[in-house]
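What follows is a single structure, written as structure tokens, with notes after it.
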Amino acid sequence: MKKTLQTLCLCLFMLALLTAGCGGGKDGKDKKELVVGTEPAFAPFEFQKENSKEYVGFDMDLIAAIAKRMGYEKCTIRGMGFDALIPALEAKNIDVAIAGMTITEERAKKVIFSKPYYKSGLAIVVHKDNNTVKEAADLKGKKIAVQIGTTGAMEAEKIEGAKITSFNTNGEACLEIKNKAVDAVIGDLPVEAYFLEQGGKEYAKIVGKTLTSEDYGIAVAKSNPALAKEVDKALDELKKNGEYDKLYRKWFGEMPKQ
Ligand code: GLN
């Protein structure tokens, strides 16, 4: 009797192992590799440490945890320009995109967003000697540098008479402040705050109120709603089991006030 029970248990265990490996994967394939697109010059969300090719940051840790939770063996990161991410999803070159990407109505027409995973907003950065730009209203007719295809760029376009120059990365836009080539940069607050902390404060500062309230989401191709559901499920589980909080504290210190 004992032996039969043992055999039954073993059989069930093997069956569980077998079924865990299939079904639900992208396009019904095995869950071997999740290919993730990002724009890797967006610290502390995704960046390469000096002299290292490895991608690190909050988003990188989060997507690795999500991929693991979903049962993928491998999570491969592909770096590209921010404006190339949605086309890469549409072309099925990547499975998901995580890049501090704000959930916007416009983008939601092209991709499926996960539930929000980070609350953000836009900040104004100016040279530390600048005493004329103190808030958004002072930006009229000013020279503004932005990162191409971002919500910061969209916000700058709303400003009357603004002369906008676009750059591939936030870092390049901020360099324009150092060179006094522009009056301001509009970019994501956590990224600008990190940039100041990492040495930018020697020549730059954040002024005025946060311009917007934005939510970051993980993007999945419209053609893959099953994967989008799985991402949400994994994200929910990581929020429940404390792993999300652990990663948040690792990169941002305090948990946000709800
Ligand atoms: N959150 C901003 C956006 O979605 C910037 C993202 C980024 O530059 N990686 O437009």
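Identifiers in this document derive from the order of the structure tokens: chains are assigned A, B, ..., residues are numbered from 1 separately in each chain, and ligands are numbered from 1 in order of occurrence.
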
Residue list (strand (DSSP E), DSSP) for range 10-180 of chain A, as a CSV table (one decimal) with all heavy atoms, in the first residue's frame:
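Once everything was written out, this is result.csv:
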```
chain,number,residue,atom,x,y,z
A,33,GLU,N,13.0,31.6,-23.1
A,33,GLU,CA,13.6,32.9,-23.1
A,33,GLU,C,12.6,34.0,-23.2
A,33,GLU,O,11.8,34.0,-24.2
A,33,GLU,CB,14.7,33.0,-24.2
A,33,GLU,CG,15.5,34.2,-24.2
A,33,GLU,CD,16.4,34.3,-25.4
A,33,GLU,OE1,16.1,33.7,-26.5
A,33,GLU,OE2,17.4,35.0,-25.3
A,34,LEU,N,12.7,35.0,-22.3
A,34,LEU,CA,11.8,36.2,-22.5
A,34,LEU,C,12.8,37.3,-23.0
A,34,LEU,O,13.8,37.6,-22.4
A,34,LEU,CB,11.2,36.6,-21.1
A,34,LEU,CG,10.3,37.8,-21.1
A,34,LEU,CD1,9.0,37.4,-21.8
A,34,LEU,CD2,10.1,38.4,-19.7
A,35,VAL,N,12.4,37.8,-24.1
A,35,VAL,CA,13.3,38.9,-24.7
A,35,VAL,C,12.7,40.2,-24.4
A,35,VAL,O,11.6,40.6,-24.7
A,35,VAL,CB,13.4,38.7,-26.3
A,35,VAL,CG1,14.4,39.7,-26.8
A,35,VAL,CG2,13.9,37.3,-26.6
A,36,VAL,N,13.5,41.0,-23.7
A,36,VAL,CA,13.1,42.3,-23.1
A,36,VAL,C,13.8,43.4,-23.8
A,36,VAL,O,15.0,43.5,-23.9
A,36,VAL,CB,13.4,42.3,-21.6
A,36,VAL,CG1,13.0,43.6,-21.0
A,36,VAL,CG2,12.8,41.1,-20.9
A,37,GLY,N,13.0,44.4,-24.2
A,37,GLY,CA,13.6,45.6,-24.8
A,37,GLY,C,13.7,46.7,-23.8
A,37,GLY,O,12.8,46.9,-22.9
A,38,THR,N,14.7,47.5,-23.8
A,38,THR,CA,14.8,48.7,-22.9
A,38,THR,C,15.7,49.7,-23.5
A,38,THR,O,16.4,49.5,-24.5
A,38,THR,CB,15.4,48.3,-21.5
A,38,THR,OG1,15.1,49.3,-20.6
A,38,THR,CG2,16.9,48.0,-21.5
A,41,ALA,N,19.8,53.9,-20.8
A,41,ALA,CA,20.5,55.1,-20.3
A,41,ALA,C,19.6,55.9,-19.4
A,41,ALA,O,19.4,57.1,-19.6
A,41,ALA,CB,21.0,55.9,-21.5
A,42,PHE,N,18.9,55.2,-18.6
A,42,PHE,CA,17.8,55.7,-17.8
A,42,PHE,C,17.9,55.3,-16.3
A,42,PHE,O,17.1,54.7,-15.8
A,42,PHE,CB,16.5,55.3,-18.4
A,42,PHE,CG,15.4,56.2,-18.2
A,42,PHE,CD1,15.4,57.5,-18.7
A,42,PHE,CD2,14.2,55.8,-17.5
A,42,PHE,CE1,14.3,58.4,-18.5
A,42,PHE,CE2,13.1,56.7,-17.3
A,42,PHE,CZ,13.2,58.0,-17.9
A,46,GLU,N,17.3,51.7,-15.7
A,46,GLU,CA,18.1,50.7,-16.5
A,46,GLU,C,19.3,51.5,-16.9
A,46,GLU,O,19.2,52.6,-17.5
A,46,GLU,CB,17.3,50.2,-17.7
A,46,GLU,CG,16.4,51.3,-18.4
A,46,GLU,CD,15.0,51.2,-17.8
A,46,GLU,OE1,14.6,50.1,-17.5
A,46,GLU,OE2,14.4,52.3,-17.7
A,47,PHE,N,20.5,50.9,-16.6
A,47,PHE,CA,21.7,51.5,-17.0
A,47,PHE,C,22.9,50.5,-17.0
A,47,PHE,O,22.7,49.4,-16.4
A,47,PHE,CB,22.1,52.7,-16.2
A,47,PHE,CG,22.2,52.5,-14.7
A,47,PHE,CD1,23.4,52.5,-14.1
A,47,PHE,CD2,21.1,52.2,-13.9
A,47,PHE,CE1,23.5,52.3,-12.7
A,47,PHE,CE2,21.2,52.0,-12.5
A,47,PHE,CZ,22.4,52.0,-11.9
A,48,GLN,N,24.0,50.8,-17.6
A,48,GLN,CA,25.1,50.0,-17.5
A,48,GLN,C,26.1,50.6,-16.6
A,48,GLN,O,26.5,51.8,-16.7
A,48,GLN,CB,25.8,49.8,-18.9
A,48,GLN,CG,24.9,48.9,-19.8
A,48,GLN,CD,25.4,48.9,-21.2
A,48,GLN,OE1,25.3,49.9,-21.9
A,48,GLN,NE2,25.8,47.8,-21.7
A,55,TYR,N,23.3,45.1,-17.7
A,55,TYR,CA,22.2,46.1,-17.5
A,55,TYR,C,21.7,45.9,-16.0
A,55,TYR,O,21.4,44.8,-15.6
A,55,TYR,CB,21.1,45.8,-18.4
A,55,TYR,CG,21.4,46.1,-19.9
A,55,TYR,CD1,21.3,45.0,-20.8
A,55,TYR,CD2,21.9,47.3,-20.3
A,55,TYR,CE1,21.7,45.2,-22.1
A,55,TYR,CE2,22.2,47.5,-21.7
A,55,TYR,CZ,22.1,46.5,-22.6
A,55,TYR,OH,22.5,46.7,-23.9
A,56,VAL,N,21.7,47.0,-15.3
A,56,VAL,CA,21.2,47.0,-13.9
A,56,VAL,C,20.2,48.1,-13.7
A,56,VAL,O,20.0,48.9,-14.6
A,56,VAL,CB,22.4,47.2,-12.9
A,56,VAL,CG1,23.4,46.1,-12.9
A,56,VAL,CG2,23.1,48.6,-13.2
A,74,LYS,N,15.3,32.0,-19.0
A,74,LYS,CA,16.2,33.1,-19.3
A,74,LYS,C,15.5,34.4,-19.6
A,74,LYS,O,14.4,34.4,-20.2
A,74,LYS,CB,17.0,32.6,-20.5
A,74,LYS,CG,18.4,33.2,-20.6
A,74,LYS,CD,19.1,32.5,-21.8
A,74,LYS,CE,20.1,33.5,-22.4
A,74,LYS,NZ,20.4,33.1,-23.7
A,75,CYS,N,16.1,35.5,-19.2
A,75,CYS,CA,15.6,36.8,-19.5
A,75,CYS,C,16.7,37.6,-20.2
A,75,CYS,O,17.7,37.9,-19.6
A,75,CYS,CB,15.2,37.4,-18.1
A,75,CYS,SG,14.5,39.1,-18.2
A,76,THR,N,16.5,37.8,-21.5
A,76,THR,CA,17.5,38.5,-22.2
A,76,THR,C,17.2,40.0,-22.5
A,76,THR,O,16.0,40.3,-22.9
A,76,THR,CB,17.7,37.8,-23.6
A,76,THR,OG1,17.9,36.4,-23.4
A,76,THR,CG2,18.8,38.4,-24.4
A,77,ILE,N,18.1,40.8,-22.2
A,77,ILE,CA,17.9,42.3,-22.3
A,77,ILE,C,18.4,42.8,-23.7
A,77,ILE,O,19.6,42.5,-24.0
A,77,ILE,CB,18.5,43.1,-21.2
A,77,ILE,CG1,18.0,42.5,-19.8
A,77,ILE,CG2,18.1,44.6,-21.3
A,77,ILE,CD1,16.6,42.7,-19.5
A,78,ARG,N,17.6,43.5,-24.4
A,78,ARG,CA,18.1,44.2,-25.6
A,78,ARG,C,18.0,45.7,-25.5
A,78,ARG,O,16.9,46.2,-25.3
A,78,ARG,CB,17.3,43.7,-26.8
A,78,ARG,CG,17.6,42.3,-27.2
A,78,ARG,CD,17.5,42.1,-28.7
A,78,ARG,NE,17.6,40.7,-28.9
A,78,ARG,CZ,16.8,39.9,-29.6
A,78,ARG,NH1,15.8,40.5,-30.2
A,78,ARG,NH2,16.9,38.6,-29.7
A,79,GLY,N,19.1,46.4,-25.6
A,79,GLY,CA,19.1,47.8,-25.5
A,79,GLY,C,18.9,48.5,-26.9
A,79,GLY,O,19.3,48.0,-27.9
A,96,VAL,N,8.6,41.9,-24.5
A,96,VAL,CA,8.1,43.0,-23.6
A,96,VAL,C,9.1,44.1,-23.6
A,96,VAL,O,10.2,44.0,-24.0
A,96,VAL,CB,7.9,42.5,-22.1
A,96,VAL,CG1,7.0,41.3,-22.0
A,96,VAL,CG2,9.3,42.2,-21.5
A,97,ALA,N,8.6,45.3,-23.2
A,97,ALA,CA,9.5,46.5,-23.1
A,97,ALA,C,9.3,47.0,-21.7
A,97,ALA,O,8.1,47.2,-21.3
A,97,ALA,CB,9.1,47.5,-24.1
A,111,VAL,N,0.1,49.3,-27.9
A,111,VAL,CA,0.6,48.2,-27.1
A,111,VAL,C,-0.4,47.9,-25.9
A,111,VAL,O,-1.2,48.8,-25.7
A,111,VAL,CB,2.0,48.5,-26.5
A,111,VAL,CG1,3.1,48.6,-27.6
A,111,VAL,CG2,2.0,49.7,-25.6
A,112,ILE,N,-0.2,46.8,-25.3
A,112,ILE,CA,-0.9,46.5,-24.1
A,112,ILE,C,0.0,46.9,-22.9
A,112,ILE,O,1.1,46.4,-22.9
A,112,ILE,CB,-1.4,45.0,-23.9
A,112,ILE,CG1,-2.0,44.6,-25.2
A,112,ILE,CG2,-2.3,44.8,-22.7
A,112,ILE,CD1,-2.3,43.1,-25.2
A,113,PHE,N,-0.5,47.7,-22.0
A,113,PHE,CA,0.3,48.0,-20.8
A,113,PHE,C,-0.1,47.1,-19.6
A,113,PHE,O,-1.3,46.8,-19.5
A,113,PHE,CB,0.1,49.5,-20.4
A,113,PHE,CG,1.0,50.4,-21.2
A,113,PHE,CD1,0.4,51.3,-22.1
A,113,PHE,CD2,2.4,50.4,-21.0
A,113,PHE,CE1,1.2,52.2,-22.8
A,113,PHE,CE2,3.2,51.3,-21.7
A,113,PHE,CZ,2.6,52.2,-22.6
A,118,TYR,N,5.1,51.9,-11.2
A,118,TYR,CA,5.9,52.9,-10.5
A,118,TYR,C,5.2,54.3,-10.8
A,118,TYR,O,4.8,54.6,-11.9
A,118,TYR,CB,7.3,52.9,-11.1
A,118,TYR,CG,8.2,53.9,-10.4
A,118,TYR,CD1,9.0,53.6,-9.3
A,118,TYR,CD2,8.3,55.3,-10.8
A,118,TYR,CE1,9.7,54.5,-8.6
A,118,TYR,CE2,9.1,56.2,-10.2
A,118,TYR,CZ,9.8,55.8,-9.1
A,118,TYR,OH,10.6,56.7,-8.4
A,119,LYS,N,5.1,55.1,-9.8
A,119,LYS,CA,4.5,56.4,-9.9
A,119,LYS,C,5.6,57.5,-10.2
A,119,LYS,O,6.5,57.6,-9.4
A,119,LYS,CB,3.8,56.8,-8.6
A,119,LYS,CG,2.3,56.4,-8.6
A,119,LYS,CD,1.4,57.4,-8.0
A,119,LYS,CE,-0.1,57.0,-8.4
A,119,LYS,NZ,-0.3,56.7,-9.8
A,120,SER,N,5.4,58.2,-11.3
A,120,SER,CA,6.5,59.2,-11.6
A,120,SER,C,5.8,60.5,-12.0
A,120,SER,O,4.6,60.7,-11.8
A,120,SER,CB,7.3,58.6,-12.8
A,120,SER,OG,8.4,59.3,-13.1
A,122,LEU,N,7.1,64.6,-14.2
A,122,LEU,CA,8.1,65.3,-14.9
A,122,LEU,C,8.7,66.5,-14.1
A,122,LEU,O,7.9,67.2,-13.4
A,122,LEU,CB,7.6,65.9,-16.2
A,122,LEU,CG,7.2,64.9,-17.3
A,122,LEU,CD1,6.5,65.5,-18.4
A,122,LEU,CD2,8.4,64.1,-17.7
A,123,ALA,N,10.0,66.6,-14.2
A,123,ALA,CA,10.7,67.7,-13.4
A,123,ALA,C,11.3,68.7,-14.4
A,123,ALA,O,11.7,68.3,-15.5
A,123,ALA,CB,11.7,67.1,-12.5
A,124,ILE,N,11.6,69.9,-13.9
A,124,ILE,CA,12.3,70.9,-14.7
A,124,ILE,C,13.7,71.0,-14.1
A,124,ILE,O,13.9,71.2,-12.9
A,124,ILE,CB,11.7,72.3,-14.6
A,124,ILE,CG1,10.2,72.2,-15.0
A,124,ILE,CG2,12.4,73.3,-15.4
A,124,ILE,CD1,9.4,73.5,-14.7
A,125,VAL,N,14.7,70.8,-15.0
A,125,VAL,CA,16.1,70.9,-14.5
A,125,VAL,C,16.7,72.1,-15.2
A,125,VAL,O,16.5,72.3,-16.4
A,125,VAL,CB,16.9,69.7,-14.9
A,125,VAL,CG1,18.3,69.7,-14.3
A,125,VAL,CG2,16.2,68.4,-14.5
A,126,VAL,N,17.4,73.0,-14.4
A,126,VAL,CA,18.1,74.1,-15.0
A,126,VAL,C,19.5,74.2,-14.5
A,126,VAL,O,19.9,73.5,-13.6
A,126,VAL,CB,17.4,75.5,-14.6
A,126,VAL,CG1,16.0,75.5,-15.2
A,126,VAL,CG2,17.4,75.7,-13.1
A,127,HIS,N,20.3,75.1,-15.0
A,127,HIS,CA,21.7,75.3,-14.5
A,127,HIS,C,21.6,75.9,-13.1
A,127,HIS,O,20.7,76.7,-12.8
A,127,HIS,CB,22.4,76.3,-15.4
A,127,HIS,CG,23.9,76.2,-15.2
A,127,HIS,ND1,24.5,76.8,-14.1
A,127,HIS,CD2,24.9,75.6,-15.9
A,127,HIS,CE1,25.8,76.6,-14.2
A,127,HIS,NE2,26.1,75.8,-15.3
A,143,LYS,N,14.8,78.0,-24.4
A,143,LYS,CA,15.4,76.8,-25.1
A,143,LYS,C,15.3,75.6,-24.1
A,143,LYS,O,15.8,75.6,-23.0
A,143,LYS,CB,16.9,77.1,-25.3
A,143,LYS,CG,17.1,78.1,-26.5
A,143,LYS,CD,18.6,78.1,-26.8
A,143,LYS,CE,19.0,79.5,-27.3
A,143,LYS,NZ,20.3,79.9,-26.9
A,144,ILE,N,14.7,74.5,-24.6
A,144,ILE,CA,14.5,73.3,-23.8
A,144,ILE,C,15.1,72.1,-24.5
A,144,ILE,O,14.8,71.9,-25.7
A,144,ILE,CB,13.0,73.1,-23.5
A,144,ILE,CG1,12.4,74.4,-22.8
A,144,ILE,CG2,12.8,71.9,-22.6
A,144,ILE,CD1,10.9,74.4,-22.6
A,145,ALA,N,15.8,71.3,-23.7
A,145,ALA,CA,16.3,70.0,-24.3
A,145,ALA,C,15.5,68.9,-23.7
A,145,ALA,O,15.2,68.9,-22.5
A,145,ALA,CB,17.8,69.9,-23.9
A,146,VAL,N,15.2,67.9,-24.5
A,146,VAL,CA,14.4,66.8,-24.1
A,146,VAL,C,15.0,65.5,-24.7
A,146,VAL,O,15.8,65.5,-25.6
A,146,VAL,CB,12.9,66.9,-24.6
A,146,VAL,CG1,12.3,68.1,-23.9
A,146,VAL,CG2,12.8,67.0,-26.1
A,147,GLN,N,14.5,64.4,-24.2
A,147,GLN,CA,14.8,63.1,-24.8
A,147,GLN,C,13.7,62.7,-25.8
A,147,GLN,O,12.5,62.9,-25.5
A,147,GLN,CB,14.9,62.0,-23.7
A,147,GLN,CG,15.4,60.7,-24.2
A,147,GLN,CD,15.3,59.6,-23.2
A,147,GLN,OE1,15.1,59.9,-22.0
A,147,GLN,NE2,15.4,58.4,-23.6
A,163,LYS,N,11.8,76.7,-27.7
A,163,LYS,CA,12.7,76.2,-28.8
A,163,LYS,C,13.3,74.9,-28.3
A,163,LYS,O,14.1,74.8,-27.4
A,163,LYS,CB,13.8,77.2,-29.1
A,163,LYS,CG,13.3,78.5,-29.7
A,163,LYS,CD,14.4,79.5,-29.7
A,163,LYS,CE,13.8,80.9,-29.6
A,163,LYS,NZ,13.2,81.3,-28.3
A,164,ILE,N,12.8,73.8,-28.9
A,164,ILE,CA,13.1,72.4,-28.4
A,164,ILE,C,14.2,71.7,-29.2
A,164,ILE,O,14.2,71.7,-30.4
A,164,ILE,CB,11.8,71.6,-28.4
A,164,ILE,CG1,10.7,72.3,-27.6
A,164,ILE,CG2,12.1,70.2,-27.8
A,164,ILE,CD1,9.3,71.7,-27.8
A,165,THR,N,15.2,71.2,-28.5
A,165,THR,CA,16.1,70.3,-29.1
A,165,THR,C,16.0,68.9,-28.5
A,165,THR,O,15.9,68.8,-27.3
A,165,THR,CB,17.6,70.8,-29.0
A,165,THR,OG1,17.7,71.5,-27.8
A,165,THR,CG2,18.0,71.7,-30.1
A,166,SER,N,16.1,67.9,-29.4
A,166,SER,CA,15.9,66.5,-28.9
A,166,SER,C,17.2,65.7,-28.9
A,166,SER,O,18.0,65.9,-29.8
A,166,SER,CB,14.9,65.8,-29.8
A,166,SER,OG,13.7,66.5,-29.9
A,167,PHE,N,17.3,64.9,-27.9
A,167,PHE,CA,18.5,64.0,-27.8
A,167,PHE,C,18.1,62.6,-27.6
A,167,PHE,O,17.0,62.3,-27.2
A,167,PHE,CB,19.4,64.5,-26.6
A,167,PHE,CG,19.9,65.9,-26.9
A,167,PHE,CD1,19.2,67.0,-26.5
A,167,PHE,CD2,21.2,66.0,-27.5
A,167,PHE,CE1,19.7,68.3,-26.8
A,167,PHE,CE2,21.6,67.3,-27.8
A,167,PHE,CZ,20.9,68.4,-27.4
```

Selection near range 193-199 of chain A, 8 Å with only C-alpha atoms, sequence-local residues under 6 positions removed, as a PDB file with all heavy atoms, in the first residue's frame:
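File written: around-v2.pdb
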```
ATOM      1  N   ALA A  43      19.060  55.695 -15.710  1.00  0.00           N
ATOM      2  CA  ALA A  43      19.301  55.336 -14.313  1.00  0.00           C
ATOM      3  C   ALA A  43      18.339  56.104 -13.400  1.00  0.00           C
ATOM      4  O   ALA A  43      18.033  57.245 -13.703  1.00  0.00           O
ATOM      5  CB  ALA A  43      20.735  55.684 -13.942  1.00  0.00           C
ATOM      6  N   PRO A  44      17.838  55.515 -12.323  1.00  0.00           N
ATOM      7  CA  PRO A  44      18.203  54.196 -11.791  1.00  0.00           C
ATOM      8  C   PRO A  44      17.309  53.056 -12.276  1.00  0.00           C
ATOM      9  O   PRO A  44      17.262  52.009 -11.636  1.00  0.00           O
ATOM     10  CB  PRO A  44      18.018  54.411 -10.284  1.00  0.00           C
ATOM     11  CG  PRO A  44      16.816  55.315 -10.195  1.00  0.00           C
ATOM     12  CD  PRO A  44      16.910  56.219 -11.412  1.00  0.00           C
ATOM     13  N   LYS A 205      20.206  71.947 -11.102  1.00  0.00           N
ATOM     14  CA  LYS A 205      19.252  71.822  -9.991  1.00  0.00           C
ATOM     15  C   LYS A 205      17.841  71.614 -10.558  1.00  0.00           C
ATOM     16  O   LYS A 205      17.570  71.958 -11.715  1.00  0.00           O
ATOM     17  CB  LYS A 205      19.283  73.066  -9.099  1.00  0.00           C
ATOM     18  CG  LYS A 205      18.859  74.336  -9.828  1.00  0.00           C
ATOM     19  CD  LYS A 205      18.985  75.582  -8.948  1.00  0.00           C
ATOM     20  CE  LYS A 205      18.653  76.827  -9.777  1.00  0.00           C
ATOM     21  NZ  LYS A 205      18.840  78.089  -9.080  1.00  0.00           N
ATOM     22  N   ILE A 206      16.967  71.070  -9.724  1.00  0.00           N
ATOM     23  CA  ILE A 206      15.561  70.906 -10.104  1.00  0.00           C
ATOM     24  C   ILE A 206      14.804  72.107  -9.553  1.00  0.00           C
ATOM     25  O   ILE A 206      15.045  72.520  -8.409  1.00  0.00           O
ATOM     26  CB  ILE A 206      14.990  69.586  -9.525  1.00  0.00           C
ATOM     27  CG1 ILE A 206      15.581  68.380 -10.266  1.00  0.00           C
ATOM     28  CG2 ILE A 206      13.452  69.557  -9.613  1.00  0.00           C
ATOM     29  CD1 ILE A 206      15.161  67.021  -9.724  1.00  0.00           C
TER      30      ILE A 206
END
```

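When DSSP reads the backbone of this structure, the residues of range 34-135 of chain A it assigns to alpha helix (DSSP H) are Phe58, Asp59, Met60, Asp61, Leu62, Ile63, Ala64, Ala65, Ile66, Ala67, Lys68, Arg69, Met70, Leu85, Ile86, Pro87, Ala88, Leu89, Glu90, Glu105, Glu106, Arg107 and Ala108 of chain A.
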
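Contacts with ligand 1 are defined as any residue atom within 6 Å of a ligand atom, using only C-alpha atoms and all ligand atoms; the residues meeting this criterion are Glu39, Phe42, Phe82, Ala99, Gly100, Met101, Thr102, Thr150, Thr151 and Asp188 of chain A.
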
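Taking CA of Tyr203 in chain A as the reference point, CA of Asp183 in chain A is found at 12.6 Å.
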
Open item on the list: Applying 8 Å and only C-alpha atoms, which residues near Ile103 in chain A remain after dropping the ones on its own chain fewer than 2 positions away? List them as a PyMOL selection string.
Closed with: chain A and resi 101+105+107-108+113+116+214-217

TODO: Would you mind reading off the distance between CA of Gly81 in chain A and CA of Ala184 in chain A, one decimal, in Å?
DONE: 22.0 Å

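In this comparison, which uses only C-alpha atoms, the residue of A:Lys180, A:Lys109, A:Lys229, A:Lys49 approaching Ala204 in chain A most closely is A:Lys180.
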
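Of the listed residues (A:Pro40, A:Ile66, A:Asn168, A:Lys110), A:Lys110 comes nearest to Glu90 in chain A; the distances count only C-alpha atoms.
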
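Rounded to one decimal, CA of Val133 in chain A and CA of Val185 in chain A lie 11.2 Å from each other.
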
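Candidate residues A:Lys32, A:Lys115, A:Lys239, A:Lys134 were compared for distance to Ala219 in chain A, and the nearest is A:Lys115, using only C-alpha atoms.
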